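Content type mmCIF, C-alpha atoms, from the file structure-v1.cif:
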data_run
#
loop_
_atom_site.label_atom_id
_atom_site.label_comp_id
_atom_site.auth_asym_id
_atom_site.auth_seq_id
_atom_site.Cartn_x
_atom_site.Cartn_y
_atom_site.Cartn_z
CA MET J 42 36.33 109.96 25.17
CA TYR J 43 38.47 110.41 22.05
CA LEU J 44 38.38 107.69 19.39
CA PRO J 45 40.30 107.96 16.10
CA GLY J 46 38.21 108.14 12.95
CA ARG J 47 40.02 105.25 11.25
CA LEU J 48 41.14 101.86 12.46
CA LYS J 49 44.50 102.19 10.71
CA ALA J 50 45.36 105.00 13.14
CA THR J 51 44.89 102.72 16.14
CA THR J 52 44.10 99.10 17.07
CA LEU J 53 40.98 97.34 18.28
CA GLY J 54 42.76 96.73 21.58
CA ASP J 55 43.32 100.47 22.06
CA LEU J 56 39.70 101.24 21.17
CA LEU J 57 38.38 98.71 23.67
CA GLY J 58 40.85 99.96 26.28
CA THR J 59 39.68 103.56 25.83
CA ILE J 60 36.04 102.51 26.08
CA LEU J 61 36.79 100.47 29.21
CA ARG J 62 38.56 103.39 30.92
CA SER J 63 35.65 105.69 30.06
CA ARG J 64 33.12 103.08 31.25
CA ALA J 65 31.12 103.98 28.16
CA THR J 66 27.82 102.41 27.17
CA GLY J 67 26.84 102.27 23.52
CA THR J 68 27.77 100.72 20.18
CA LEU J 69 31.19 100.79 18.54
CA GLU J 70 30.82 100.50 14.77
CA LEU J 71 33.64 99.61 12.41
CA THR J 72 32.66 100.02 8.77
CA ASP J 73 34.79 98.20 6.22
CA GLU J 74 33.88 100.61 3.43
CA PRO J 75 35.30 98.77 0.38
CA ARG J 76 33.19 95.72 1.28
CA GLY J 77 30.21 97.67 2.60
CA ARG J 78 30.18 95.74 5.87
CA THR J 79 29.64 97.17 9.35
CA HIS J 80 30.73 95.25 12.42
CA ARG J 81 29.37 96.26 15.82
CA VAL J 82 30.65 95.85 19.36
CA PHE J 83 28.02 96.51 22.02
CA VAL J 84 29.40 97.70 25.35
CA THR J 85 27.90 98.47 28.72
CA GLY J 86 29.91 100.25 31.39
CA GLY J 87 32.99 99.71 29.21
CA LEU J 88 32.52 95.93 29.04
CA VAL J 89 31.72 93.94 25.89
CA LEU J 90 28.15 92.68 25.90
CA ALA J 91 27.77 91.42 22.33
CA VAL J 92 29.59 91.41 18.98
CA ALA J 93 27.79 91.47 15.64
CA TYR J 94 30.23 90.45 12.90
CA ASP J 95 29.00 91.05 9.34
CA GLY J 96 30.47 88.04 7.63
CA ALA J 97 31.41 84.40 8.07
CA GLY J 98 32.49 83.57 11.58
CA PRO J 99 32.34 80.74 14.09
CA THR J 100 28.81 79.66 14.93
CA LEU J 101 27.73 78.42 18.34
CA ALA J 102 27.59 74.90 16.91
CA ASP J 103 31.14 75.25 15.52
CA ILE J 104 32.52 76.01 18.98
CA LEU J 105 30.47 73.38 20.78
CA ARG J 106 31.61 70.80 18.21
CA ARG J 107 35.26 71.88 18.22
CA ASP J 108 35.53 71.81 22.02
CA ASN J 109 33.63 68.51 22.28
CA LEU J 110 30.97 70.09 24.47
CA VAL J 111 27.99 68.63 22.59
CA ASP J 112 27.89 65.62 20.27
CA GLU J 113 27.20 66.03 16.57
CA ALA J 114 23.85 64.23 16.56
CA THR J 115 22.44 66.48 19.29
CA LEU J 116 23.70 69.59 17.52
CA ARG J 117 22.05 68.55 14.26
CA ARG J 118 18.71 67.67 15.86
CA ALA J 119 18.69 70.89 17.89
CA ARG J 120 19.49 72.92 14.78
CA LEU J 121 16.55 71.44 12.87
CA ARG J 122 14.21 72.07 15.80
CA ALA J 123 15.47 75.65 16.15
CA LEU J 124 14.71 76.31 12.49
CA ALA J 125 11.27 74.74 12.78
CA THR J 126 10.30 76.65 15.92
CA ARG J 127 12.19 79.87 15.14
CA ARG J 128 14.15 79.74 18.36
CA LEU J 129 17.84 80.23 19.04
CA HIS J 130 20.04 77.17 18.69
CA GLY J 131 21.42 77.59 22.21
CA GLU J 132 17.95 78.06 23.64
CA VAL J 133 16.78 74.78 22.08
CA LEU J 134 19.84 72.93 23.36
CA VAL J 135 19.11 74.04 26.91
CA GLN J 136 15.33 73.71 26.94
CA ASP J 137 14.83 70.62 24.79
CA PHE J 138 18.08 68.64 25.05
CA ASP J 139 19.12 69.25 28.66
CA ILE J 140 22.44 70.92 27.84
CA THR J 141 23.37 73.03 30.86
CA PRO J 142 23.25 76.84 30.46
CA ALA J 143 26.85 77.00 31.69
CA VAL J 144 28.06 75.01 28.66
CA ILE J 145 26.23 77.32 26.25
CA ASP J 146 27.53 80.40 28.07
CA VAL J 147 31.14 79.21 27.82
CA ALA J 148 30.72 78.68 24.08
CA LEU J 149 29.03 82.06 23.56
CA ARG J 150 31.84 83.86 25.41
CA LYS J 151 34.40 82.14 23.20
CA GLN J 152 32.37 83.11 20.15
CA LEU J 153 32.46 86.80 21.13
CA ALA J 154 36.22 86.70 21.71
CA GLU J 155 36.79 85.00 18.36
CA ARG J 156 34.62 87.53 16.55
CA LEU J 157 36.73 90.29 18.06
CA SER J 158 39.85 88.53 16.82
CA ILE J 159 38.44 88.50 13.27
CA ILE J 160 37.56 92.20 13.44
CA GLU J 161 41.05 92.92 14.79
CA LYS J 162 42.53 91.70 11.51
CA LEU J 163 40.80 94.40 9.43
CA GLY J 164 43.35 96.58 7.65
CA ASP J 165 41.19 99.67 8.02
CA ALA J 166 37.64 100.68 8.84
CA ARG J 167 35.72 103.84 9.64
CA ILE J 168 35.13 104.16 13.38
CA THR J 169 31.98 105.59 14.93
CA PHE J 170 30.53 105.31 18.42
CA HIS J 171 26.83 105.68 19.23
CA VAL J 172 25.64 106.18 22.78
CA THR J 173 22.51 104.18 22.05
CA LEU J 174 22.69 100.49 22.95
CA ARG J 175 20.51 98.04 21.04
CA PRO J 176 22.29 94.74 21.34
CA PRO J 177 21.11 91.64 19.45
CA HIS J 178 18.87 89.17 21.21
CA THR J 179 21.79 86.74 21.60
CA VAL J 180 23.41 88.68 24.47
CA LEU J 181 25.08 86.70 27.22
CA GLY J 182 22.83 85.57 30.01
CA THR J 183 25.54 85.77 32.66
CA GLY J 184 26.70 89.32 31.97
CA PRO J 185 29.27 90.92 29.66
CA LEU J 186 32.82 89.75 29.03
CA ASP J 187 35.24 91.05 31.62
CA ALA J 188 38.31 93.07 30.63
CA ARG J 189 40.60 90.05 30.63
CA GLU J 190 38.34 88.18 28.21
CA PHE J 191 38.21 90.91 25.57
CA LEU J 192 41.60 92.62 26.02
CA SER J 193 44.00 89.75 26.69
CA GLY J 194 46.31 89.26 23.71
CA ARG J 195 44.93 92.21 21.73
CA ARG J 196 47.48 94.21 19.75
CA ARG J 197 48.05 97.74 21.03
CA THR J 198 49.48 100.79 19.28
CA ARG J 199 52.40 100.82 21.71
CA ASP J 200 53.42 97.44 20.27
CA ARG J 201 53.79 98.82 16.77
CA THR J 202 57.48 99.67 16.97
CA GLU J 203 58.01 99.13 13.25
CA THR J 204 55.06 101.37 12.39
CA ARG J 205 56.39 104.12 14.63
CA ALA J 206 59.81 103.90 13.04
CA ALA J 207 58.19 104.27 9.61
CA HIS J 208 56.36 107.42 10.76
CA PHE J 209 59.44 108.91 12.42
CA PRO J 210 62.64 107.60 10.79
CA GLY J 211 66.09 108.45 12.15
CA ASP J 212 65.24 110.23 15.38
CA PRO J 213 61.70 109.09 16.30
CA LEU J 214 61.45 111.01 19.56
CA GLY J 215 62.89 114.20 18.11
CA ALA J 216 60.54 114.00 15.13
CA ALA J 217 57.60 113.43 17.46
CA TRP J 218 58.41 116.57 19.48
CA LYS J 219 58.68 118.54 16.25
CA LEU J 220 55.34 117.26 14.95
CA LEU J 221 53.69 118.40 18.19
CA GLY J 222 55.24 121.84 17.68
CA LEU J 223 57.19 121.61 20.92
CA THR J 224 60.79 121.59 22.07
CA PRO J 225 62.05 118.50 23.92
CA GLY J 226 61.41 118.70 27.64
CA ALA J 227 58.14 120.64 27.47
CA GLY J 228 55.83 119.99 30.42
CA ALA J 229 53.07 117.40 30.44
CA ASP J 230 50.33 120.06 30.44
CA GLU J 231 51.85 121.74 27.41
CA VAL J 232 52.11 118.42 25.59
CA LYS J 233 48.44 117.64 26.29
CA ARG J 234 47.36 121.12 25.20
CA SER J 235 49.26 120.86 21.91
CA PHE J 236 47.88 117.38 21.26
CA ARG J 237 44.29 118.51 21.84
CA GLN J 238 44.75 121.41 19.43
CA LEU J 239 46.07 119.02 16.79
CA VAL J 240 43.18 116.61 17.43
CA ARG J 241 40.74 119.41 16.68
CA ARG J 242 42.67 120.20 13.52
CA TYR J 243 43.05 116.68 12.13
CA HIS J 244 40.32 114.41 13.56
CA PRO J 245 38.26 113.37 10.48
CA ASP J 246 34.99 113.30 12.42
CA LEU J 247 35.42 117.01 13.22
CA HIS J 248 35.41 117.84 9.50
CA PRO J 249 32.07 116.50 8.23
CA GLN J 250 32.26 118.57 5.04
CA ALA J 251 35.62 117.09 3.97
CA THR J 252 35.82 115.08 0.76
CA ASP J 253 36.84 111.42 0.82
CA ALA J 254 40.37 112.36 -0.24
CA GLU J 255 40.57 115.03 2.44
CA ARG J 256 39.31 112.60 5.08
CA ARG J 257 41.99 110.07 4.10
CA GLU J 258 44.65 112.75 4.48
CA LEU J 259 43.19 113.86 7.80
CA SER J 260 43.21 110.26 9.02
CA LEU J 261 46.87 109.87 8.12
CA ARG J 262 47.80 113.11 9.85
CA PHE J 263 45.73 112.22 12.89
CA GLY J 264 47.46 108.83 13.11
CA GLU J 265 50.88 110.52 13.01
CA VAL J 266 49.88 113.04 15.67
CA THR J 267 48.50 110.30 17.92
CA GLN J 268 51.68 108.24 17.64
CA ALA J 269 53.81 111.34 18.23
CA TYR J 270 51.87 112.08 21.42
CA ARG J 271 52.35 108.51 22.66
CA LEU J 272 56.07 108.54 21.85
CA VAL J 273 56.57 111.82 23.71
CA SER J 274 54.45 110.72 26.67
CA GLU J 275 56.26 107.41 27.04
CA GLY J 276 59.63 109.09 26.55
CA SER J 277 58.85 111.58 29.31
CA ARG J 278 57.80 108.80 31.71
CA ALA J 279 60.99 106.88 30.99
CA ALA J 280 63.21 109.93 31.55
#
Show me the file's structure as structure tokens.
Amino acid sequence: MYLPGRLKATTLGDLLGTILRSRATGTLELTDEPRGRTHRVFVTGGLVLAVAYDGAGPTLADILRRDNLVDEATLRRARLRALATRRLHGEVLVQDFDITPAVIDVALRKQLAERLSIIEKLGDARITFHVTLRPPHTVLGTGPLDAREFLSGRRRTRDRTETRAAHFPGDPLGAAWKLLGLTPGAGADEVKRSFRQLVRRYHPDLHPQATDAERRELSLRFGEVTQAYRLVSEGSRAA
């Protein structure tokens, strides 16, 4: 499973799509380095199990209130009891206030999707993936989000037509072939082989001794190579 080293070289939708196709289990970390915040997406078998967003985001109470699923007085009383007994707000609502687990589950699933939408708006972040899975204790009781829940509406690199044009002005497809070191019409196996060689050359995570400036340059080059590969691949399929 190949994941770019920087978010600016891809999109969250593409990352989640790659993880889904690989049926990977582990933790996707996106570190917003200027702010020193790390956001984590926990996946099992390629499906999103939990999302830990390091920052202000919608709380369970926010969603229950917004969607009129639980009245304000009950939310406030349950919150105070949760603080006093050191239990989860949703747990208290179910056990002490007779709110059905299905209502809490719906709200939690919406919360995960909305956290992903916030992370999606990051301009850039360092990407790492750990095969260990230690999700928070607030994981969904009815199983992970399905692909439709976490991929629907997500931006994909193939949608970035303006970005591609900026990388390859004038003759985008011709410039993409040139960047891959190939002549137009080369076979699919040759295209893949050239792309893999360039990945080994430019992927920031394969150069642990690089300086910060060198890693930024590698990330830019890797992003160009990745987009060139996609342009050539899609152009070949359309031919």
Report as a PDB file with C-alpha atoms, keeping the file's coordinate frame all protein, DNA and RNA residues lying within 9 Å of J:Phe170, evaluated on all atoms listed in the file, omitting residues in the same chain fewer than 2 positions from it.
ATOM      1  CA  LEU J  44      38.380 107.690  19.390  1.00  0.00           C
ATOM      2  CA  GLY J  67      26.840 102.270  23.520  1.00  0.00           C
ATOM      3  CA  THR J  68      27.770 100.720  20.180  1.00  0.00           C
ATOM      4  CA  LEU J  69      31.190 100.790  18.540  1.00  0.00           C
ATOM      5  CA  GLU J  70      30.820 100.500  14.770  1.00  0.00           C
ATOM      6  CA  LEU J  71      33.640  99.610  12.410  1.00  0.00           C
ATOM      7  CA  ILE J 168      35.130 104.160  13.380  1.00  0.00           C
ATOM      8  CA  VAL J 172      25.640 106.180  22.780  1.00  0.00           C
ATOM      9  CA  THR J 173      22.510 104.180  22.050  1.00  0.00           C
TER      10      THR J 173
END
From the set J:Ala216, J:Ile160, J:Ala254, J:Val240, which residue has the shortest atom-to-atom contact distance to J:Gly46, counting all atoms listed in the file?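 Among J:Ala216, J:Ile160, J:Ala254, J:Val240, it is J:Val240 that comes nearest to J:Gly46.
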Distance query 7 Å from (39.9, 103.2, 8.0) using all atoms listed in the file, result as a ChimeraX atom specification: /J:47-49,165-167
Go ahead and compute the interatomic distance for atom CA of J:Ala102 and atom CA of J:Leu186, in Å to one decimal. 19.9 Å
Can you work out which one of J:Gly86, J:Ser260, J:Ala217, J:Gly54 has the shortest atom-to-atom distance to J:Glu275, counting all atoms listed in the file? J:Ala217
Of the candidates J:Tyr243, J:Val144, J:Gln238, J:Arg196, which one gets nearest to J:Arg257 if we count only C-alpha atoms?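 With only C-alpha atoms as the atom set, the closest residue is J:Tyr243.
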Shortest interatomic distance to J:Arg256 - which of J:Ile145, J:His244, J:Thr115, J:Pro177, counting all atoms listed in the file: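 Checking each candidate against J:Arg256, we get J:His244 as the closest.
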Report, in Å with one decimal, the straight-line distance from atom CA of J:Asp95 to atom CA of J:His80. 5.5 Å
Extract, using all atoms listed in the file, all DNA, RNA and protein residues at most 10 Å from stretch 132-138 of chain J, discarding same-chain residues fewer than 2 positions from it, and format them as number ranges by chain. J: 111, 115-116, 118-124, 126-130, 140-145, 179
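Residue nearest J:Val232 within the list J:Arg189, J:Arg262, J:Arg197, J:Arg271: J:Arg271 [criterion: smallest interatomic distance, only C-alpha atoms].
Excluding J:Lys151 and any residue on its chain fewer than 2 positions from it, the residues at most 10 Å away by all atoms listed in the file are Pro99, Leu101, Ile104, Leu105, Ile145, Asp146, Val147, Ala148, Leu149, Leu153, Ala154, Glu155, Arg156, Leu157, Leu186, Glu190 and Phe191 of chain J.
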Target residues per the PyMOL selection byres ((chain J and resi 269) around 10), formatted as a ChimeraX atom specification: /J:205,208-209,213-221,236,263-268,270-275
For the selection just defined, write its residues with C-alpha atoms to a file, as a tab-separated table (two decimals), in the coordinates of the input.
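Result file follows (again-v6.tsv):
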chain	number	residue	atom	x	y	z
J	205	ARG	CA	56.39	104.12	14.63
J	208	HIS	CA	56.36	107.42	10.76
J	209	PHE	CA	59.44	108.91	12.42
J	213	PRO	CA	61.70	109.09	16.30
J	214	LEU	CA	61.45	111.01	19.56
J	215	GLY	CA	62.89	114.20	18.11
J	216	ALA	CA	60.54	114.00	15.13
J	217	ALA	CA	57.60	113.43	17.46
J	218	TRP	CA	58.41	116.57	19.48
J	219	LYS	CA	58.68	118.54	16.25
J	220	LEU	CA	55.34	117.26	14.95
J	221	LEU	CA	53.69	118.40	18.19
J	236	PHE	CA	47.88	117.38	21.26
J	263	PHE	CA	45.73	112.22	12.89
J	264	GLY	CA	47.46	108.83	13.11
J	265	GLU	CA	50.88	110.52	13.01
J	266	VAL	CA	49.88	113.04	15.67
J	267	THR	CA	48.50	110.30	17.92
J	268	GLN	CA	51.68	108.24	17.64
J	270	TYR	CA	51.87	112.08	21.42
J	271	ARG	CA	52.35	108.51	22.66
J	272	LEU	CA	56.07	108.54	21.85
J	273	VAL	CA	56.57	111.82	23.71
J	274	SER	CA	54.45	110.72	26.67
J	275	GLU	CA	56.26	107.41	27.04
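Atom pair atom CA of J:His171 / atom CA of J:Glu74 has a distance of 18.0 Å (rounded to one decimal).
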Which residues are close to J:Arg78, i.e. within 8 Å by only C-alpha atoms, leaving aside same-chain residues fewer than 5 positions away? Reply as number ranges by chain. J: 72-73, 95-96
Would you compute the box with edges along x, y and z of the file around stretch 246-265 of chain J, including every atom the file lists for it and 4 Å extra on each side, and give its centre and edge lengths in Å to one decimal, as JSON?
{"center_x": 41.5, "center_y": 113.7, "center_z": 6.5, "size_x": 26.8, "size_y": 17.7, "size_z": 21.5}
Would you write out, as a ChimeraX atom specification, every residue that the PyMOL selection byres ((chain J and resi 187) around 12) captures in this file? /J:57-58,61,84-91,150,153-154,181,183-186,188-193
Given the file shown, determine the residues that the PyMOL selection byres ((chain J and resi 93) around 6) selects; report them as a list in words. His80, Arg81, Val92 and Tyr94 of chain J
